[in-house]
Amino acid sequence: MAIGDSITYLNGKPELTKHRISKGYMDDVVEKLPYVKFVNNGHPGWTAKGIADNINNLNLVKSDIYSVFLGTNDWWTCLPIGTFSDYENNTGSQTVYGSYRIIIDKIRSLNSGAIIILITPLHRTDYVDLNNPSIFIHGDYKANNDSVYLSQYADAIKAIAKTENCKLVDLYYKSGVTTKNAVKYRRLRDPETNEYKNYTYPEYTTIPYHPATDAYPYPPEAMDWVYDGLHPSDKGHQRIADMLIKIMKNY
């Protein structure tokens with residue numbers, strides 16, 4: 001049972017990415033572990049709070065393994081992280097810690113012996129929506145509007161995994177994906193010549209982008225680990241799958 005946001009949801013839906021991806025991390029897992037059957041419970045744009053608030057309406061069923069892959073939307077929407085006491089005291093969905101308590105409690109109510117895999121968010125660079133280029137969100141090289149960094153969300157998920165004896169896929173620190181190498185470049189207009197030029201990180205963070213008049217800044221050739229600054233490419237999904245497989249092959 002794969003619980004997550006758009007990164008999970010897009011598995012098997014290449015048409016929604018203008019075919020920038022061909023499958024997704026769950027399909028990649030099944031290719032290597034063909035005895036695995038999965039349910040895609042991904043919800044575009046959702047946060048841990050969104051999952052927690054709707055936990056009884058998500059058609060979660062008894063499964064042997066549950067993965068929970070959230071955090072990147074929590075960061076940019078400024079969902080408060082809270083403290084571990086919010087988890088311990090089950091204070092509700094107003095914080096990341098409280099939301100994860102609701103999610104994990106629900107999973108354990110369905111199968112007390114299930115393997116729970118928590119997945120930290122990937123590094124992200126400047127996100128430009130492929131289907132709506134006017135949507136722009138800066139990368140994790142800057143804090144969100146509450147002055148909190150994406151790393152702090154990853155750290156909270158790690159703390160929960162450690163205390164609750166969940167398995168951990170630590171994409172933030174151990175996947176090899178960084179803000180610097182997420183994409184190869186951004187194609188932007190040179191402010192002096194008005195000609196398009198390929199800028200690498202961090203220079204591209206200083207070059208203006210005008211969605212109404214400029215071409216989409218991540219052409220297919222710019223893809224590396226992600227295709228739009230945020231969502232994984234086939235290469236990125238394979239890395240996620242490889243880290244999941246290391247855990248799942250033991251069960």
# chains A, B, ... in the order shown; residues from 1 in each chain; ligands from 1
call {"tool": "residues_around", "arguments": {"residues": "range 32-45 of chain A", "least_positions_apart": "6", "cutoff": "10 Å", "atoms": "only C-alpha atoms", "output": "PyMOL selection string"}}
result
chain A and resi 1-12+26+51+58-61+63-70+72-74+77+241-242+245+248-249
call {"tool": "select_by_dssp", "arguments": {"residues": "range 67-147 of chain A", "states": "strand (DSSP E)", "output": "list in words"}}
result
Ser67, Val68, Phe69, Ile115, Ile116, Ile117, Leu118, Ile119, Tyr127, Val128, Phe136 and Ile137 of chain A
call {"tool": "write_last_selection", "arguments": {"atoms": "C-alpha atoms", "output": "PDB file, in the first residue's frame"}}
result
ATOM      1  CA  SER A  67       5.069   2.961   2.443  1.00  0.00           C
ATOM      2  CA  VAL A  68       4.436   6.591   3.407  1.00  0.00           C
ATOM      3  CA  PHE A  69       6.080   9.110   1.087  1.00  0.00           C
ATOM      4  CA  ILE A 115       6.106  -3.441   7.761  1.00  0.00           C
ATOM      5  CA  ILE A 116       5.898   0.373   7.659  1.00  0.00           C
ATOM      6  CA  ILE A 117       8.404   2.197   5.455  1.00  0.00           C
ATOM      7  CA  LEU A 118       8.699   5.956   5.911  1.00  0.00           C
ATOM      8  CA  ILE A 119      10.266   7.835   2.983  1.00  0.00           C
ATOM      9  CA  TYR A 127       9.769  23.877  -9.582  1.00  0.00           C
ATOM     10  CA  VAL A 128       7.956  25.018 -12.714  1.00  0.00           C
ATOM     11  CA  PHE A 136       6.694  28.406  -9.678  1.00  0.00           C
ATOM     12  CA  ILE A 137       8.041  27.312  -6.279  1.00  0.00           C
TER      13      ILE A 137
END
call {"tool": "closest_atom_pairs", "arguments": {"of": "range 53-148 of chain A", "to": "range 182-194 of chain A", "cutoff": "9 Å", "atoms": "only C-alpha atoms", "output": "CSV"}}
result
residue,atom,partner,partner_atom,distance
A:His123,CA,A:Ala182,CA,7.5
A:Arg124,CA,A:Ala182,CA,6.8
A:Thr125,CA,A:Ala182,CA,6.7
call {"tool": "write_last_selection", "arguments": {"atoms": "N, CA, C and O atoms", "output": "mmCIF file, in the first residue's frame"}}
result
data_model
loop_
_atom_site.group_PDB
_atom_site.id
_atom_site.type_symbol
_atom_site.label_atom_id
_atom_site.label_comp_id
_atom_site.auth_asym_id
_atom_site.auth_seq_id
_atom_site.Cartn_x
_atom_site.Cartn_y
_atom_site.Cartn_z
ATOM 1 N N HIS A 123 15.382 16.023 -2.328
ATOM 2 C CA HIS A 123 15.780 17.398 -2.599
ATOM 3 C C HIS A 123 15.010 17.918 -3.809
ATOM 4 O O HIS A 123 14.681 17.159 -4.718
ATOM 5 N N ARG A 124 14.759 19.195 -3.828
ATOM 6 C CA ARG A 124 14.055 19.809 -4.948
ATOM 7 C C ARG A 124 14.725 21.120 -5.314
ATOM 8 O O ARG A 124 15.244 21.830 -4.442
ATOM 9 N N THR A 125 14.717 21.435 -6.587
ATOM 10 C CA THR A 125 15.195 22.731 -7.030
ATOM 11 C C THR A 125 13.983 23.548 -7.473
ATOM 12 O O THR A 125 12.841 23.201 -7.147
#
call {"tool": "closest_residue", "arguments": {"among": "A:Tyr25, A:Trp76, A:Trp46, A:Tyr87", "to": "Thr163 in chain A", "atoms": "only C-alpha atoms"}}
result
A:Tyr87
call {"tool": "atom_distance", "arguments": {"atom1": "CA of Asp140 in chain A", "atom2": "CA of Thr178 in chain A"}}
result
9.6 Å
call {"tool": "closest_residue", "arguments": {"among": "A:Asn132, A:Gln238, A:Thr17, A:Thr47", "to": "Thr95 in chain A", "atoms": "only C-alpha atoms"}}
result
A:Thr47
call {"tool": "closest_residue", "arguments": {"among": "A:Pro202, A:Asp234, A:Gly176, A:Pro133", "to": "Ala215 in chain A", "atoms": "only C-alpha atoms"}}
result
A:Pro133
call {"tool": "closest_residue", "arguments": {"among": "A:Glu164, A:Asp53, A:Asp170, A:Glu221", "to": "Leu244 in chain A", "atoms": "only C-alpha atoms"}}
result
A:Asp170
call {"tool": "closest_residue", "arguments": {"among": "A:Pro121, A:Pro220, A:Gly71, A:Gly236", "to": "Asn181 in chain A", "atoms": "only C-alpha atoms"}}
result
A:Gly236
call {"tool": "closest_residue", "arguments": {"among": "A:Ile21, A:Val169, A:Leu150, A:Leu130", "to": "Trp225 in chain A", "atoms": "only C-alpha atoms"}}
result
A:Ile21
call {"tool": "decode", "arguments": {"residues": "range 154-176 of chain A", "atoms": "N, CA and C atoms", "output": "CSV table (one decimal), in the first residue's frame"}}
result
chain,number,residue,atom,x,y,z
A,154,ALA,N,12.5,16.3,6.7
A,154,ALA,CA,13.1,15.0,6.6
A,154,ALA,C,13.6,14.5,8.0
A,155,ASP,N,14.1,15.4,8.8
A,155,ASP,CA,14.6,15.0,10.1
A,155,ASP,C,13.5,14.5,11.0
A,156,ALA,N,12.3,15.2,10.9
A,156,ALA,CA,11.2,14.8,11.7
A,156,ALA,C,10.7,13.3,11.3
A,157,ILE,N,10.7,13.1,10.0
A,157,ILE,CA,10.3,11.7,9.5
A,157,ILE,C,11.3,10.7,10.0
A,158,LYS,N,12.6,11.0,9.9
A,158,LYS,CA,13.6,10.1,10.4
A,158,LYS,C,13.4,9.8,11.9
A,159,ALA,N,13.1,10.9,12.7
A,159,ALA,CA,12.9,10.7,14.1
A,159,ALA,C,11.7,9.8,14.4
A,160,ILE,N,10.7,9.9,13.7
A,160,ILE,CA,9.5,9.0,13.9
A,160,ILE,C,9.9,7.6,13.5
A,161,ALA,N,10.6,7.4,12.4
A,161,ALA,CA,10.9,6.1,12.0
A,161,ALA,C,11.8,5.4,13.0
A,162,LYS,N,12.7,6.1,13.6
A,162,LYS,CA,13.6,5.5,14.6
A,162,LYS,C,12.9,5.1,15.8
A,163,THR,N,12.0,6.0,16.3
A,163,THR,CA,11.3,5.8,17.6
A,163,THR,C,10.3,4.7,17.4
A,164,GLU,N,9.6,4.7,16.3
A,164,GLU,CA,8.5,3.8,16.1
A,164,GLU,C,8.9,2.4,15.4
A,165,ASN,N,10.2,2.3,15.2
A,165,ASN,CA,10.8,1.0,14.7
A,165,ASN,C,10.2,0.8,13.3
A,166,CYS,N,10.0,1.9,12.5
A,166,CYS,CA,9.6,1.8,11.1
A,166,CYS,C,10.9,1.7,10.3
A,167,LYS,N,10.8,1.1,9.1
A,167,LYS,CA,11.9,1.2,8.2
A,167,LYS,C,12.0,2.6,7.6
A,168,LEU,N,13.2,2.9,7.1
A,168,LEU,CA,13.4,4.2,6.5
A,168,LEU,C,14.1,4.2,5.2
A,169,VAL,N,13.5,4.9,4.2
A,169,VAL,CA,14.2,5.2,2.9
A,169,VAL,C,14.5,6.7,3.0
A,170,ASP,N,15.7,6.9,3.2
A,170,ASP,CA,16.2,8.3,3.4
A,170,ASP,C,16.6,9.0,2.1
A,171,LEU,N,15.6,9.4,1.3
A,171,LEU,CA,16.0,10.0,0.0
A,171,LEU,C,16.7,11.3,0.2
A,172,TYR,N,16.4,12.1,1.2
A,172,TYR,CA,16.9,13.4,1.4
A,172,TYR,C,18.4,13.4,1.5
A,173,TYR,N,18.9,12.4,2.4
A,173,TYR,CA,20.3,12.4,2.7
A,173,TYR,C,21.1,11.3,1.9
A,174,LYS,N,20.4,10.3,1.5
A,174,LYS,CA,21.2,9.1,1.0
A,174,LYS,C,20.9,8.7,-0.4
A,175,SER,N,20.0,9.4,-1.1
A,175,SER,CA,19.7,9.0,-2.5
A,175,SER,C,20.7,9.4,-3.5
A,176,GLY,N,21.5,10.4,-3.2
A,176,GLY,CA,22.4,10.9,-4.2
A,176,GLY,C,21.8,12.1,-5.0
